[in-house]
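A.B. asks: Below you will find the structure I want to go over with you.
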Amino acid sequence: MGKRYEICLSGSGGQGLILAGIILAEAAGVYESKYVAQTQSYGPEARGGASKAEVVISDEEIDYPMATRLDLLLAMNQKSSDSFYFDLKPEGTLVVDSTFVTQTPTTKAVCIPFTEIARKELGREMVANIIALAALATLTKVVSLKSLEAAVLARVPKGTEELNRKALQLGSKAAKAILKERKPESIQGHGPDHEDTAYE
Amino acid sequence: MKPSLVSSKQQVIRSQNPESRSDTAQGARHKEYIGQRVSFGPEPYAFAKGELMARKGKKKPRLLQGNEAIVEGALAAGCSFFAGYPITPASEISEILAYRLPQVEGTFIQMEDEIASLGAVIGASLAGAKSMTATSGPGFSLMQENLGFACVAEVPCVIVNVMRGGPSTGLPTNPSQGDVMQARWGTHGDHPIIVLAPSTVRDSFDITVKAFNFSERYRTPVIVLSDEVVAHTRETVVLPDPDEIEVLDRIRPSMPPEWYIPYEDTSSGVPAMGIFGDGYRYHVTGLIHDIRGFPTARTDEIEPFMRRLFRKINQSFHDIQIVNHFMTEDAELIVIAYGSVARSARRAVLDARDKGVKAGLLHLVTLYPFPRRDVMATIRDARVVLVPEMNMGQISREVKRVNEGMSQVATLNRIDGCMITPQEIYDWLIKEA
């Protein structure tokens with residue numbers, strides 16, 4: 001098996017996790033020409049209920065499209081942090097939205113209050129998913145911020161570009177603050193490397 | 001240029017939907033809405049005056065979902081009519097066609113239920129439009145009555161069934177392969193049918209085009225049996241240019257209308273199809289009919305009719321039955337899989353080969369007419385055959401039927417609403433090796 005990187009974005013329905021999964025897959029697949037497969041599982045509810053998007057990024061064609069052992073897990077609520085943590089590889093990275101996740105299963109977890117940042121800085125909780133994506137990209141370099149920005153702007157509704165750009169900057173800033181105070185090894189896991197100068 | 005049975009321009013039903021006209025206030029809002037979509041990217045194909053246009057510039061990969069690929073495949077094949085009722089996990093097909101079809105001056109109708117949906121599709125097809133509908137298990141059950149009608153009246157149409165957990169409303173958001181036998185035998189009476197199963201996003205596109213071609217060439221309903229995993233997985237794909245796609249149209253009568261005999265036998269078994277409104281008047285019925293389309297009870301008319309229905313499919317097995325071989329040549333252990341499970345099987349076979357196990361995959365694209373010859377030839381020299389399925393064993397029965405005791409046929413069934421993983425198939429291969 002070639003280099004296969006498995007990501008799970010989890011939380012509750014309405015937090016925009018499936019859209020985040022699509023954007024992440026598009027950033028890697030369309031803008032960085034990698035093989036990607038994005039799948040999702042969700043309940044029948046429109047809001048609430050468990051929601052999960054998985055993105056597999058690989059250097060070779062992907063047959064089994066779902067994640068089996070995660071390299072990167074984003075948990076946007078307590079329940080998903082508790083239940084999907086066990087799918088994480090020992091060397092995988094856990095990132096949680098500390099607005100909702102108060103008890104992390106490991107001290108190595110990266111805690112960033114995505115929803116709180118969105119609410120306080122931008123007045124729109126809606127973009128918490130975009131802030132989280134920028135943080136994931138900054139922490140693990142799974143995609144470059146440049147590709148991510150292109151993918152975000154191609155998917156979001158017209159008129160919200162500025163809001164989303166700001167969200168990306170906030171997410172990247174929050175992740176950089178984490179990287180400054182902790183060594184990258186302490187948060188485990190490292191995606192493919194990129195020369196990345198955006199938002200410096 | 002690929003061969004086409006009929007070169008005449010495809011008939012298009014003009015849109016009656018005021019929303020598709022931009023000169024109304026409602027139409028303007030509709031346009032605005034299209035511009036604001038977030039969940040779907042830009043359309044891969046441009047249309048002008050209802051005709052498919054070649055895209056400018058280099059082919060770019062796009063991130064598409066299986067359901068989106070079905071829509072693009074349908075449009076590329078010339079679909080101009082859709083009637084349906086949204087249902088998870090097939091809703092995206094309705095959702096996208098609702099704004100894509102008006103762009104090709106086609107028609108989208110949301111019907112009151114699935115019985116009416118297929119009824120409308122049959123009507124549109126008789127009027128000359130390439131027509132389709134999409135649904136999932138519960139809706140597919142309702143369509144069975146009209147599916148039989150389409151078989152006996154020989155109306156080309158495409159029915160997409162994105163399989164979810166059943167029976168009844170079952171598991172709306174989980175995958176399953178429980179509708180295989182229903183696709184084959186769901187409607188009553190003895191009848192041939194074509195059932196195709198995609199396993200990737202690109203497959204979904206190609207198979208939808210094929211489904212339209214088969215339905216037009218053989219004047220029969222064709223069922224595209226997708227599943228929740230294939231439907232909702234997004235992958236980057238590069239879709240072929242319109243001129244690379246083979247599109248077939250139904251054979252139209254060449255004689256004057258007064259000489260037209262609607263159900264006359266031909267060497268292919270497929271009668272030329274007159275279009276309602278073109279002057280070729282004939283009677284369409286669900287009753288067994290004579291060559292003029294009127295009900296008959298004469299044994300010397302019933303049997304030739306039924307035999308022709310079967311013959312038109314049976315003598316074209318070479319065209320209809322599609323399978324993909326993957327490392328089967330020297331394989332001692334053969335996995336026979338279809339749909340999303342074929343993806344897991346491919347990975348398992350590759351991993352087993354790495355361990356020195358002579359494994360191979362026979363990937364069935366056409367489920368019905370069951371590719372007996374291919375399956376027989378492949379499993380004859382195999383020691384054991386495994387049929388992994390997300391049901392209690394529907395295709396495995398067919399494999400056992402054609403096996404005739406030559407090999408040992410094992411099953412691997414999963415009915416918990418989850419996809420079969422490569423690990424499960426791999427473990428079996430290692431155990432059997």
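Ligands are numbered from 1 in the order shown, residues from 1 within each chain, and chains are lettered A, B, ... in the order they appear in the structure tokens.
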Give me the residues of chain B that have any atom at most 10 Å from an atom of chain A; for each, the nearest atom pair and the distance in Å, rounded to one decimal. Use only C-alpha atoms, sort by chain and number, and format it as JSON lines.
C.D. replies:
```
{"residue": "B:Gly35", "atom": "CA", "partner": "A:Lys158", "partner_atom": "CA", "distance": 7.9}
{"residue": "B:Gln36", "atom": "CA", "partner": "A:Pro157", "partner_atom": "CA", "distance": 5.3}
{"residue": "B:Arg37", "atom": "CA", "partner": "A:Pro157", "partner_atom": "CA", "distance": 6.5}
{"residue": "B:Val38", "atom": "CA", "partner": "A:Arg155", "partner_atom": "CA", "distance": 5.3}
{"residue": "B:Ser39", "atom": "CA", "partner": "A:Arg155", "partner_atom": "CA", "distance": 6.9}
{"residue": "B:Phe40", "atom": "CA", "partner": "A:Arg155", "partner_atom": "CA", "distance": 7.5}
{"residue": "B:Gly41", "atom": "CA", "partner": "A:Arg155", "partner_atom": "CA", "distance": 6.7}
{"residue": "B:Pro42", "atom": "CA", "partner": "A:Ala154", "partner_atom": "CA", "distance": 9.0}
{"residue": "B:Lys60", "atom": "CA", "partner": "A:Val30", "partner_atom": "CA", "distance": 8.0}
{"residue": "B:Pro61", "atom": "CA", "partner": "A:Val30", "partner_atom": "CA", "distance": 6.0}
{"residue": "B:Arg62", "atom": "CA", "partner": "A:Val30", "partner_atom": "CA", "distance": 6.1}
{"residue": "B:Leu63", "atom": "CA", "partner": "A:Glu26", "partner_atom": "CA", "distance": 6.0}
{"residue": "B:Leu64", "atom": "CA", "partner": "A:Glu26", "partner_atom": "CA", "distance": 9.4}
{"residue": "B:Gln65", "atom": "CA", "partner": "A:Gln38", "partner_atom": "CA", "distance": 8.7}
{"residue": "B:Thr88", "atom": "CA", "partner": "A:Pro44", "partner_atom": "CA", "distance": 8.8}
{"residue": "B:Leu171", "atom": "CA", "partner": "A:Pro44", "partner_atom": "CA", "distance": 8.9}
{"residue": "B:Pro172", "atom": "CA", "partner": "A:Pro44", "partner_atom": "CA", "distance": 6.9}
{"residue": "B:Thr173", "atom": "CA", "partner": "A:Gly43", "partner_atom": "CA", "distance": 6.6}
{"residue": "B:Asn174", "atom": "CA", "partner": "A:Ser41", "partner_atom": "CA", "distance": 7.9}
{"residue": "B:Ser199", "atom": "CA", "partner": "A:Asp63", "partner_atom": "CA", "distance": 9.7}
{"residue": "B:Thr200", "atom": "CA", "partner": "A:Asp63", "partner_atom": "CA", "distance": 8.8}
{"residue": "B:Val201", "atom": "CA", "partner": "A:Ala37", "partner_atom": "CA", "distance": 9.9}
{"residue": "B:Glu228", "atom": "CA", "partner": "A:Thr39", "partner_atom": "CA", "distance": 10.0}
{"residue": "B:Val229", "atom": "CA", "partner": "A:Thr39", "partner_atom": "CA", "distance": 7.5}
{"residue": "B:Val230", "atom": "CA", "partner": "A:Thr39", "partner_atom": "CA", "distance": 9.2}
{"residue": "B:Ala231", "atom": "CA", "partner": "A:Thr39", "partner_atom": "CA", "distance": 9.6}
{"residue": "B:His232", "atom": "CA", "partner": "A:Thr39", "partner_atom": "CA", "distance": 6.3}
{"residue": "B:Thr233", "atom": "CA", "partner": "A:Thr39", "partner_atom": "CA", "distance": 4.7}
{"residue": "B:Arg234", "atom": "CA", "partner": "A:Gln38", "partner_atom": "CA", "distance": 4.9}
{"residue": "B:Glu235", "atom": "CA", "partner": "A:Ala37", "partner_atom": "CA", "distance": 4.8}
{"residue": "B:Thr236", "atom": "CA", "partner": "A:Gly29", "partner_atom": "CA", "distance": 5.9}
{"residue": "B:Val237", "atom": "CA", "partner": "A:Val30", "partner_atom": "CA", "distance": 9.2}
{"residue": "B:Ser340", "atom": "CA", "partner": "A:Tyr64", "partner_atom": "CA", "distance": 8.4}
{"residue": "B:Val341", "atom": "CA", "partner": "A:Tyr64", "partner_atom": "CA", "distance": 8.5}
{"residue": "B:Ala342", "atom": "CA", "partner": "A:Asp63", "partner_atom": "CA", "distance": 8.5}
{"residue": "B:Arg343", "atom": "CA", "partner": "A:Asp63", "partner_atom": "CA", "distance": 4.8}
{"residue": "B:Ser344", "atom": "CA", "partner": "A:Tyr64", "partner_atom": "CA", "distance": 5.0}
{"residue": "B:Ala345", "atom": "CA", "partner": "A:Tyr64", "partner_atom": "CA", "distance": 8.5}
{"residue": "B:Arg346", "atom": "CA", "partner": "A:Asp63", "partner_atom": "CA", "distance": 6.8}
{"residue": "B:Arg347", "atom": "CA", "partner": "A:Asp63", "partner_atom": "CA", "distance": 6.1}
{"residue": "B:Ala348", "atom": "CA", "partner": "A:Tyr64", "partner_atom": "CA", "distance": 9.3}
{"residue": "B:Leu350", "atom": "CA", "partner": "A:Met1", "partner_atom": "CA", "distance": 8.9}
{"residue": "B:Asp351", "atom": "CA", "partner": "A:Met1", "partner_atom": "CA", "distance": 8.1}
{"residue": "B:Asp354", "atom": "CA", "partner": "A:Met1", "partner_atom": "CA", "distance": 10.0}
{"residue": "B:Met419", "atom": "CA", "partner": "A:Met66", "partner_atom": "CA", "distance": 9.0}
{"residue": "B:Ile420", "atom": "CA", "partner": "A:Tyr64", "partner_atom": "CA", "distance": 9.5}
{"residue": "B:Thr421", "atom": "CA", "partner": "A:Tyr64", "partner_atom": "CA", "distance": 7.5}
{"residue": "B:Pro422", "atom": "CA", "partner": "A:Tyr64", "partner_atom": "CA", "distance": 7.0}
{"residue": "B:Gln423", "atom": "CA", "partner": "A:Thr68", "partner_atom": "CA", "distance": 9.7}
```
A.B. asks: Produce a file of the selected residues containing C-alpha atoms, as a compact mmCIF listing (two decimals), in the first residue's frame.
C.D. replies:
```
# COMPACT_ATOMS: atom_id res chain seq x y z
CA GLY B 35 -25.42 30.67 -8.38
CA GLN B 36 -25.52 30.21 -4.64
CA ARG B 37 -25.18 26.48 -4.49
CA VAL B 38 -22.47 25.37 -2.15
CA SER B 39 -22.59 21.61 -2.16
CA PHE B 40 -21.91 21.09 -5.85
CA GLY B 41 -19.07 22.49 -7.88
CA PRO B 42 -19.27 23.88 -11.40
CA LYS B 60 -9.46 18.91 -15.22
CA PRO B 61 -10.15 16.39 -12.51
CA ARG B 62 -13.20 17.13 -10.40
CA LEU B 63 -14.34 15.87 -7.06
CA LEU B 64 -17.59 14.06 -7.74
CA GLN B 65 -19.94 11.86 -5.81
CA THR B 88 -32.01 8.88 0.81
CA LEU B 171 -31.63 1.82 7.34
CA PRO B 172 -31.91 4.99 5.25
CA THR B 173 -28.28 6.07 5.52
CA ASN B 174 -26.51 2.69 5.53
CA SER B 199 -18.48 0.30 -7.92
CA THR B 200 -16.68 3.63 -8.30
CA VAL B 201 -17.55 7.19 -9.21
CA GLU B 228 -24.99 3.93 -0.50
CA VAL B 229 -21.19 3.73 -0.44
CA VAL B 230 -20.80 4.15 -4.20
CA ALA B 231 -23.46 6.88 -4.23
CA HIS B 232 -21.93 9.01 -1.48
CA THR B 233 -18.20 8.45 -1.97
CA ARG B 234 -16.53 11.43 -3.54
CA GLU B 235 -13.47 10.86 -5.71
CA THR B 236 -11.54 12.90 -8.20
CA VAL B 237 -12.48 11.86 -11.71
CA SER B 340 -18.76 -1.20 -3.46
CA VAL B 341 -17.65 -4.59 -2.10
CA ALA B 342 -15.56 -5.09 -5.27
CA ARG B 343 -13.36 -2.25 -4.00
CA SER B 344 -12.66 -4.03 -0.73
CA ALA B 345 -12.09 -7.28 -2.61
CA ARG B 346 -9.51 -5.66 -4.90
CA ARG B 347 -7.50 -4.43 -1.93
CA ALA B 348 -7.74 -7.82 -0.23
CA LEU B 350 -3.59 -7.23 -3.74
CA ASP B 351 -2.61 -7.70 -0.09
CA ASP B 354 1.87 -9.67 -1.47
CA MET B 419 -19.45 -2.17 4.31
CA ILE B 420 -17.36 -5.32 4.11
CA THR B 421 -13.76 -4.35 4.85
CA PRO B 422 -10.70 -5.54 2.91
CA GLN B 423 -9.49 -7.13 6.16
```
A.B. asks: Output as a ChimeraX atom specification all residues of stretch 40-248 of chain B that backbone DSSP marks as alpha helix (DSSP H).
C.D. replies: /B:66-76,91-100,114-126,137-153,180-185,201-218,228-232
A.B. asks: Would you output that residue set with C-alpha atoms, as a short mmCIF file (atom, residue, chain, number, x, y, z; two decimals), in the first residue's frame?
C.D. replies:
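The resulting file, again_37.cif, is shown below:
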```cif
data_model
loop_
_atom_site.label_atom_id
_atom_site.label_comp_id
_atom_site.auth_asym_id
_atom_site.auth_seq_id
_atom_site.Cartn_x
_atom_site.Cartn_y
_atom_site.Cartn_z
CA GLY B 66 -21.33 8.62 -7.28
CA ASN B 67 -24.77 10.20 -7.51
CA GLU B 68 -23.39 13.28 -9.26
CA ALA B 69 -21.60 11.02 -11.75
CA ILE B 70 -24.90 9.25 -12.48
CA VAL B 71 -26.45 12.63 -13.28
CA GLU B 72 -23.57 13.58 -15.58
CA GLY B 73 -23.69 10.16 -17.23
CA ALA B 74 -27.42 10.50 -17.83
CA LEU B 75 -27.03 13.95 -19.38
CA ALA B 76 -24.11 12.78 -21.51
CA SER B 91 -31.84 12.24 -3.33
CA GLU B 92 -28.83 13.98 -4.86
CA ILE B 93 -29.78 12.58 -8.27
CA SER B 94 -33.16 14.33 -8.10
CA GLU B 95 -31.67 17.41 -6.51
CA ILE B 96 -29.03 17.96 -9.17
CA LEU B 97 -31.22 17.01 -12.12
CA ALA B 98 -33.82 19.50 -10.92
CA TYR B 99 -31.52 22.31 -11.95
CA ARG B 100 -29.46 20.53 -14.60
CA GLU B 114 -42.70 6.23 -7.03
CA ILE B 115 -45.51 4.40 -8.83
CA ALA B 116 -46.43 7.62 -10.61
CA SER B 117 -42.74 8.43 -11.15
CA LEU B 118 -42.12 5.37 -13.28
CA GLY B 119 -45.48 5.90 -14.97
CA ALA B 120 -44.38 9.38 -16.04
CA VAL B 121 -41.01 8.05 -17.17
CA ILE B 122 -42.71 5.42 -19.36
CA GLY B 123 -44.98 8.06 -20.87
CA ALA B 124 -42.09 10.39 -21.62
CA SER B 125 -40.12 7.58 -23.22
CA LEU B 126 -43.06 6.64 -25.47
CA GLY B 137 -35.38 0.30 -1.70
CA PRO B 138 -38.81 1.47 -0.48
CA GLY B 139 -39.43 3.42 -3.68
CA PHE B 140 -38.10 0.58 -5.81
CA SER B 141 -40.72 -1.71 -4.26
CA LEU B 142 -43.44 0.69 -5.41
CA MET B 143 -42.01 0.81 -8.93
CA GLN B 144 -42.25 -2.94 -9.51
CA GLU B 145 -45.72 -2.79 -11.06
CA ASN B 146 -44.76 -0.27 -13.72
CA LEU B 147 -41.40 -1.96 -14.21
CA GLY B 148 -43.28 -4.99 -15.51
CA PHE B 149 -45.32 -2.70 -17.76
CA ALA B 150 -42.13 -1.24 -19.24
CA CYS B 151 -40.83 -4.79 -19.84
CA VAL B 152 -43.94 -6.01 -21.65
CA ALA B 153 -44.62 -2.79 -23.57
CA VAL B 180 -30.23 -7.81 -6.09
CA MET B 181 -32.95 -10.44 -6.37
CA GLN B 182 -35.63 -7.76 -6.28
CA ALA B 183 -34.03 -6.09 -9.28
CA ARG B 184 -34.11 -9.43 -11.07
CA TRP B 185 -37.47 -10.79 -9.98
CA VAL B 201 -17.55 7.19 -9.21
CA ARG B 202 -16.17 6.78 -12.72
CA ASP B 203 -18.13 3.53 -13.02
CA SER B 204 -21.29 5.36 -12.06
CA PHE B 205 -20.79 7.67 -15.02
CA ASP B 206 -19.87 4.98 -17.55
CA ILE B 207 -22.53 2.54 -16.41
CA THR B 208 -25.28 5.14 -16.58
CA VAL B 209 -24.30 5.88 -20.18
CA LYS B 210 -24.28 2.12 -20.86
CA ALA B 211 -27.66 1.74 -19.18
CA PHE B 212 -29.21 4.30 -21.50
CA ASN B 213 -27.55 2.67 -24.51
CA PHE B 214 -28.81 -0.79 -23.54
CA SER B 215 -32.30 0.49 -22.84
CA GLU B 216 -32.46 2.17 -26.23
CA ARG B 217 -30.84 -0.65 -28.18
CA TYR B 218 -32.93 -3.43 -26.62
CA GLU B 228 -24.99 3.93 -0.50
CA VAL B 229 -21.19 3.73 -0.44
CA VAL B 230 -20.80 4.15 -4.20
CA ALA B 231 -23.46 6.88 -4.23
CA HIS B 232 -21.93 9.01 -1.48
#
```
A.B. asks: Atom CA of B:Ile320 and atom CA of B:Ala382, how far apart in Å?
C.D. replies: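 Going from atom CA of B:Ala382 over to atom CA of B:Ile320, I get 25.0 Å.
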A.B. asks: From a DSSP pass on the backbone, collect the residues of stretch 312-398 of chain B flagged as strand (DSSP E) and hand them back as a PyMOL selection string.
C.D. replies: chain B and resi 323-326+333-337+359-364+366-368+384-389
A.B. asks: Counting only C-alpha atoms, figure out which residue out of A:Ala134, A:Leu17, A:Ala150, A:Leu94 gets nearest to A:Lys173.
C.D. replies: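 Ranked by minimum distance to A:Lys173, first place goes to A:Ala134.
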